[in-house]
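First comes the structure, then the notes that go with it.
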Amino acid sequence: MNLSSKDVARFVSIDIEGMTCASCVSRVEKALANIPGIEAATVNLATEQARIRLTEAIPGISQHIIEVIQKAGYDAKQSAAPGQQKQVNQSAFWSADGLGPVLFSFALSAPLVIPMLLMPLGIHWMPSSLWQLLLASPVQFVFGWRFYKSGFKALMSGAGNMDLLVALGTSAAYGLSVYQLVFGDPHALYFEGAAVIISMVLLGKWLEARAKRQTGEAIRALHALWPQQARVLKTNDLSLIGSNAAALNQHTELPLEQVLVNDLVMVLPGERVPADGFIVLGNSHLDESLLTGESQSVKRGIGDAVIGGSLNGDGQLVFRVGATSTDSMLANIIDLVETAQTQKAPIQRLVDQVSAIFVPAVIGIAIATGLVTGLLVGDISEAILRAVSVMVIACPCALGLATPAAIMAGTGVAARAGILIKDPQVLELAHRIQLVAFDKTGTLTEGKPTLISIDVSPEFNREAMLALAAGLQMGSEHPLAKAVLDDATAHSITPVACAQIQAIPGVGIEGRPLTGEWQGQLLRLQSLASLESHPQYGDLSLQASPLFLAGHTVSALTATPLGNQTATSLALLAFGDAIKVQARSAVEQLHALGIQTVMLSGDNRAAAEQVGQRIGIDTVYAQVIPADKAGWIERLKRNTEGERQWVAMVGDGINDAPALAMADVGMAMATGTDVAMQAAGITLMHGNPNLVAGAIDVSKRTWNIIRQNLFWAFAFNVIGIPLAALGYLTPAIAGSAMALSSLFVLSNALLLGFWKPK
């Protein structure tokens, strides 16, 4: 899952402060697009972060990018590196998004607004004109200064944003009031409108900041798993430690960035594991729930892997570091989730196109509203107030937050459940899935086959055949090879050394023994299906029939003498691989969602169909060689009527990678290979097939939230702007409605936080 150091150098992540709406995002992206060497850049309003891909590693580019963003009117800094604790902005009391400005702004606005609320009750009291000016001015120019500052920067860069609309709208209301106070009717003042707009926008920004922090809770929870230091033993020679308690006490507390591969680290009960590695001393129960989605603690002992960030239970452990914090599984998980939350869903392009012209269009509508109202009504004050209401209610905040807030919440809650979504496009596609194709070994089965039996011809003996098979498999990492070698070790069988060993994709493995009776002959351990043209195939199939019906995988060991074209069958090897306990329920959950299931297996048809029948798979395609899996996925994208159907592929091995990439959505088991996880859009932690349905379900729910948010964001403006233009909304009400629209969008996204996989 790790990127190489060269790849990492081509990616830059920048934290940005001061963005207020979708127009700000567009403005920053335009500024970044003009920087030479940037291949692609995405800016996310909800995460307040830019993710940038360079054409090549460029020294000092990060600082240049920060300077460009600052010139565009925003504060920027380098994002924390993977494995480093992120500082979470809690919005200090007097900060721009803090509670202080909100409370004091409302306190100053209250004397202006309360008298208006009392008028329907027959109570007519209002502060004097001078007092209204004194109360409104601090709100306008102290607490509202942020809007002038941001709006001016936007104007100078040739763009517009929400702050510009607020600054223009409130200035118009405030300016009209000052004019009336000095030259016109001192009783027709609108200071309360300007003050309430600023107060409500400040309240909205404070609530928005709180909601943003909630949507980012998953990332902060993952960052919180990092301990600050590691207890590193002064020696990394295990033989010097053994059971020597004194040696265990000789350790140094080091910051995580100073922990190196091969260091021996001690973890006490109740502490978090600081890095990935393998236990060399002790045993305990580890809580890996936030990393794998597995709720139960797992028992770990000598030789077992530990994951950095997991919580140690009841035992003291010593483990050898296999990956530092920046290269660990936790760092990869954080990077995956942050990348997914920062990138844009395809539907966001529509929002970006609208946002690019939104603010200029709103200003144009506001000016037109003022002119038309002035001509038709003949009241300049009313014309200005309607124009102000249009500018205030048309804030593009809700549009800018609609999609990223849902993406953040969806990917975050999925990560907590052990579903790692690589990018929003996958999240957007997964809700369409109509068919799921499963690999068998390691996906629906445990992927840890054992050698069940060896049926040998009468003239040969089992030990000799096992020695030959083990000799062919020496050095191989295939699960069946491990099963053969483990059985040979268990029976104290010495493998026969072989030369010219070569794997044959979709068939098996071959080589030539260097000693013994079969010296120089071509030995093959191959699938029975690959012997279909062999004269003995019928007899071998009949012999293997009971094994297939038991769901076992059967391979044949054959020998071909020099100068001969016909192979002789020496033995049949049967392998058993337990079906995962969650496999049947995973298939049942998919059926409940109306999704078809398919299994692609290189195994014999009878054995594959037996496994498929046990877990309820709809269709089984057997004897599929690895090279053909991608082709099968391509064919499955068309149903029997030739119509397009959306296909997901679930696998775990190197040979599944092409099929995972070919599928509309690829899902890889985290217990599988890195190649498979790189090719897939979704990684399922702990190898749990139940998470397949969970991934599709969370996609459906996220997609629904996105559609709801966009509908209400667009509807809000479609309805609100005409009402404001016609004079049905006062500036104060418009400001309140604008703040509530953003809060609604964020609150709706936060509903995803209650989702849990079945």
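Residue numbering restarts at 1 for every chain of the structure tokens, chains are lettered A, B, ... in their displayed order, and ligands are numbered from 1 as they appear.
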Need the shell around A:Gly374: protein/DNA/RNA residues with any atom at most 12 Å away, counting only C-alpha atoms. Skip same-chain ones fewer than 3 positions apart. Format as number ranges by chain? A: 367-371, 377-387, 725
Picked from stretch 550-618 of chain A by DSSP as strand (DSSP E), as JSON, numbers by chain: {"A": [553, 554, 555, 556, 557, 558, 559, 560, 568, 569, 570, 571, 572, 573, 574, 575, 576, 596, 597, 598, 599, 600]}
If you take only C-alpha atoms and a cut-off of 7 Å, which residues of stretch 533-602 of chain A touch stretch 453-461 of chain A, and what are their nearest atom pairs and distances in Å to one decimal, in chain and number order, as a Markdown table?
```
| residue | atom | partner | partner_atom | distance |
| --- | --- | --- | --- | --- |
| A:Leu570 | CA | A:Ser457 | CA | 5.9 |
| A:Ala571 | CA | A:Val456 | CA | 4.2 |
| A:Leu572 | CA | A:Asp455 | CA | 5.1 |
| A:Leu573 | CA | A:Ile454 | CA | 4.6 |
| A:Ala574 | CA | A:Ser453 | CA | 5.3 |
```
Atoms to include: C-alpha atoms. Write the selected residues as a PDB file, in the first residue's frame.
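What ended up in selection18.pdb:
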```
ATOM      1  CA  LEU A 570       2.343 -40.248  -9.861  1.00  0.00           C
ATOM      2  CA  ALA A 571      -0.120 -38.948  -7.256  1.00  0.00           C
ATOM      3  CA  LEU A 572      -3.168 -36.816  -6.567  1.00  0.00           C
ATOM      4  CA  LEU A 573      -2.823 -34.195  -3.850  1.00  0.00           C
ATOM      5  CA  ALA A 574      -6.024 -32.892  -2.204  1.00  0.00           C
TER       6      ALA A 574
END
```
What separation in Å, quoted to one decimal, exists between atom CA of A:Arg53 and atom CA of A:Val698?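 Rounded to one decimal, the two atoms are 28.3 Å apart.
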Residue with smallest distance to A:Gly18 - pool A:Met162, A:Ile433, A:Ala41, A:Leu480, counting only C-alpha atoms: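 Closest to A:Gly18, using only C-alpha atoms: A:Met162.
Using only C-alpha atoms, the shortest contact distance between A:Gly442 and any of A:Ser601, A:Gln521, A:Ser555, A:Ser527 is found at A:Ser601.
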List every residue of stretch 404-505 of chain A that has an atom at most 7 Å from any atom of stretch 637-655 of chain A, giving for each one its closest atom pair and the distance in Å to one decimal, counting only C-alpha atoms, sorted by chain and then by ascending residue number, as CSV.
```
residue,atom,partner,partner_atom,distance
A:Arg432,CA,A:Trp646,CA,6.3
A:Ile433,CA,A:Trp646,CA,4.8
A:Gln434,CA,A:Trp646,CA,5.3
A:Leu435,CA,A:Val647,CA,4.9
A:Val436,CA,A:Ala648,CA,4.7
A:Ala437,CA,A:Met649,CA,4.8
A:Phe438,CA,A:Val650,CA,4.9
A:Asp439,CA,A:Gly651,CA,5.1
A:Gly442,CA,A:Asp652,CA,6.3
A:Thr443,CA,A:Gly651,CA,5.8
```
So that I can check the surroundings of stretch 307-320 of chain A, please list as number ranges by chain every protein, DNA and RNA residue that reaches within 7 Å of it, counting only C-alpha atoms and ignoring chain neighbours fewer than 3 positions away. A: 225-226, 262-288, 328-330
Fewer than 5 positions away in the same chain doesn't count, so skip those; otherwise give me all residues within 10 Å of A:Ala414, counting only C-alpha atoms, as a PyMOL selection string. chain A and resi 218+293+337+408-409+419-421+684+691+694-695+697-699+752-753+755-757
Give the answer as one residue: which of A:Gly576, A:Gly506, A:Pro449, A:Gly410 has the shortest atom-to-atom distance to A:Thr702, using only C-alpha atoms? A:Gly410
Give me the residues within 12 Å of A:Ser62 as a ChimeraX atom specification, counting only C-alpha atoms and dropping any in the same chain fewer than 4 places off. /A:9-15,32,35,37-38,50-54,57-58,66-69,76-79
I'd like the neighbourhood of A:Thr252 as a PDB file with N, CA, C and O atoms, in the first residue's frame, where a residue qualifies if any of its atoms comes within 7 Å (using only C-alpha atoms), though same-chain residues fewer than 3 positions away should be ignored.
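Final output, result-v5.pdb:
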```pdb
ATOM      1  N   ARG A 231       9.136   2.757  23.693  1.00  0.00           N
ATOM      2  CA  ARG A 231      10.100   2.258  24.680  1.00  0.00           C
ATOM      3  C   ARG A 231      11.045   1.295  23.949  1.00  0.00           C
ATOM      4  O   ARG A 231      10.773   0.109  23.828  1.00  0.00           O
ATOM      5  N   VAL A 232      12.167   1.808  23.438  1.00  0.00           N
ATOM      6  CA  VAL A 232      13.095   1.036  22.609  1.00  0.00           C
ATOM      7  C   VAL A 232      14.195   0.431  23.481  1.00  0.00           C
ATOM      8  O   VAL A 232      14.859   1.145  24.247  1.00  0.00           O
ATOM      9  N   LEU A 233      14.383  -0.900  23.359  1.00  0.00           N
ATOM     10  CA  LEU A 233      15.434  -1.569  24.128  1.00  0.00           C
ATOM     11  C   LEU A 233      16.803  -1.155  23.610  1.00  0.00           C
ATOM     12  O   LEU A 233      16.978  -0.885  22.419  1.00  0.00           O
ATOM     13  N   LYS A 234      17.786  -1.128  24.500  1.00  0.00           N
ATOM     14  CA  LYS A 234      19.119  -0.646  24.128  1.00  0.00           C
ATOM     15  C   LYS A 234      19.861  -1.628  23.233  1.00  0.00           C
ATOM     16  O   LYS A 234      20.856  -1.272  22.606  1.00  0.00           O
TER      17      LYS A 234
END
```
Å distance separating atom CA of A:Ala497 from atom CA of A:Gly471, one decimal place: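 Interatomic distance here is 5.3 Å.
Of the residues listed (A:Lys149, A:Arg707, A:Arg524, A:Lys580), A:Arg524 shows the shortest atom-to-atom separation from A:Gln473; distances use only C-alpha atoms.
What separates atom CA of A:Lys448 from atom CA of A:Ala483 is a distance of 7.7 Å.
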Determine, counting only C-alpha atoms, which protein, DNA and RNA residues have an atom within 8 Å of an atom of stretch 257-260 of chain A; residues of the same chain fewer than 2 positions away are not included. Present the result as a PDB file with N, CA, C and O atoms, in the first residue's frame.
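Output saved as around.pdb:
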```pdb
ATOM      1  N   ALA A 230       8.099   5.732  22.037  1.00  0.00           N
ATOM      2  CA  ALA A 230       8.232   4.274  22.053  1.00  0.00           C
ATOM      3  C   ALA A 230       9.332   3.889  23.037  1.00  0.00           C
ATOM      4  O   ALA A 230      10.328   4.614  23.200  1.00  0.00           O
ATOM      5  N   VAL A 232      12.167   1.808  23.438  1.00  0.00           N
ATOM      6  CA  VAL A 232      13.095   1.036  22.609  1.00  0.00           C
ATOM      7  C   VAL A 232      14.195   0.431  23.481  1.00  0.00           C
ATOM      8  O   VAL A 232      14.859   1.145  24.247  1.00  0.00           O
ATOM      9  N   LEU A 254      12.001   7.030  23.123  1.00  0.00           N
ATOM     10  CA  LEU A 254      12.332   7.782  21.923  1.00  0.00           C
ATOM     11  C   LEU A 254      11.072   8.297  21.234  1.00  0.00           C
ATOM     12  O   LEU A 254      10.040   7.618  21.238  1.00  0.00           O
ATOM     13  N   PRO A 255      11.131   9.482  20.605  1.00  0.00           N
ATOM     14  CA  PRO A 255      10.004   9.930  19.778  1.00  0.00           C
ATOM     15  C   PRO A 255       9.800   8.961  18.615  1.00  0.00           C
ATOM     16  O   PRO A 255      10.763   8.308  18.171  1.00  0.00           O
ATOM     17  N   ASN A 262      13.886  -2.904  12.715  1.00  0.00           N
ATOM     18  CA  ASN A 262      14.703  -3.898  13.442  1.00  0.00           C
ATOM     19  C   ASN A 262      14.938  -3.527  14.897  1.00  0.00           C
ATOM     20  O   ASN A 262      15.496  -4.336  15.652  1.00  0.00           O
ATOM     21  N   ASP A 263      14.530  -2.334  15.338  1.00  0.00           N
ATOM     22  CA  ASP A 263      14.589  -2.028  16.765  1.00  0.00           C
ATOM     23  C   ASP A 263      13.667  -2.973  17.529  1.00  0.00           C
ATOM     24  O   ASP A 263      12.635  -3.408  17.017  1.00  0.00           O
ATOM     25  N   VAL A 321      10.529  -4.110  15.201  1.00  0.00           N
ATOM     26  CA  VAL A 321       9.892  -3.159  14.285  1.00  0.00           C
ATOM     27  C   VAL A 321      10.085  -3.601  12.839  1.00  0.00           C
ATOM     28  O   VAL A 321      11.209  -3.870  12.403  1.00  0.00           O
ATOM     29  N   ALA A 323       8.082  -1.866  10.300  1.00  0.00           N
ATOM     30  CA  ALA A 323       7.807  -0.659   9.516  1.00  0.00           C
ATOM     31  C   ALA A 323       7.680   0.516  10.465  1.00  0.00           C
ATOM     32  O   ALA A 323       7.035   0.416  11.506  1.00  0.00           O
ATOM     33  N   THR A 324       8.305   1.618  10.136  1.00  0.00           N
ATOM     34  CA  THR A 324       8.240   2.793  10.989  1.00  0.00           C
ATOM     35  C   THR A 324       6.871   3.454  10.872  1.00  0.00           C
ATOM     36  O   THR A 324       6.047   3.070  10.054  1.00  0.00           O
ATOM     37  N   SER A 325       6.643   4.483  11.685  1.00  0.00           N
ATOM     38  CA  SER A 325       5.319   5.105  11.744  1.00  0.00           C
ATOM     39  C   SER A 325       4.880   5.660  10.400  1.00  0.00           C
ATOM     40  O   SER A 325       3.713   5.586  10.033  1.00  0.00           O
TER      41      SER A 325
END
```
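Shortest separation to A:Ala559 among A:Met465, A:Ala110, A:Val496, A:Leu485 occurs at residue A:Met465, atoms counted being only C-alpha atoms.
If you measure from each of A:Leu427, A:Cys24, A:Ala737, A:Leu164 to A:Ala406 using only C-alpha atoms, the closest one turns out to be A:Leu427.
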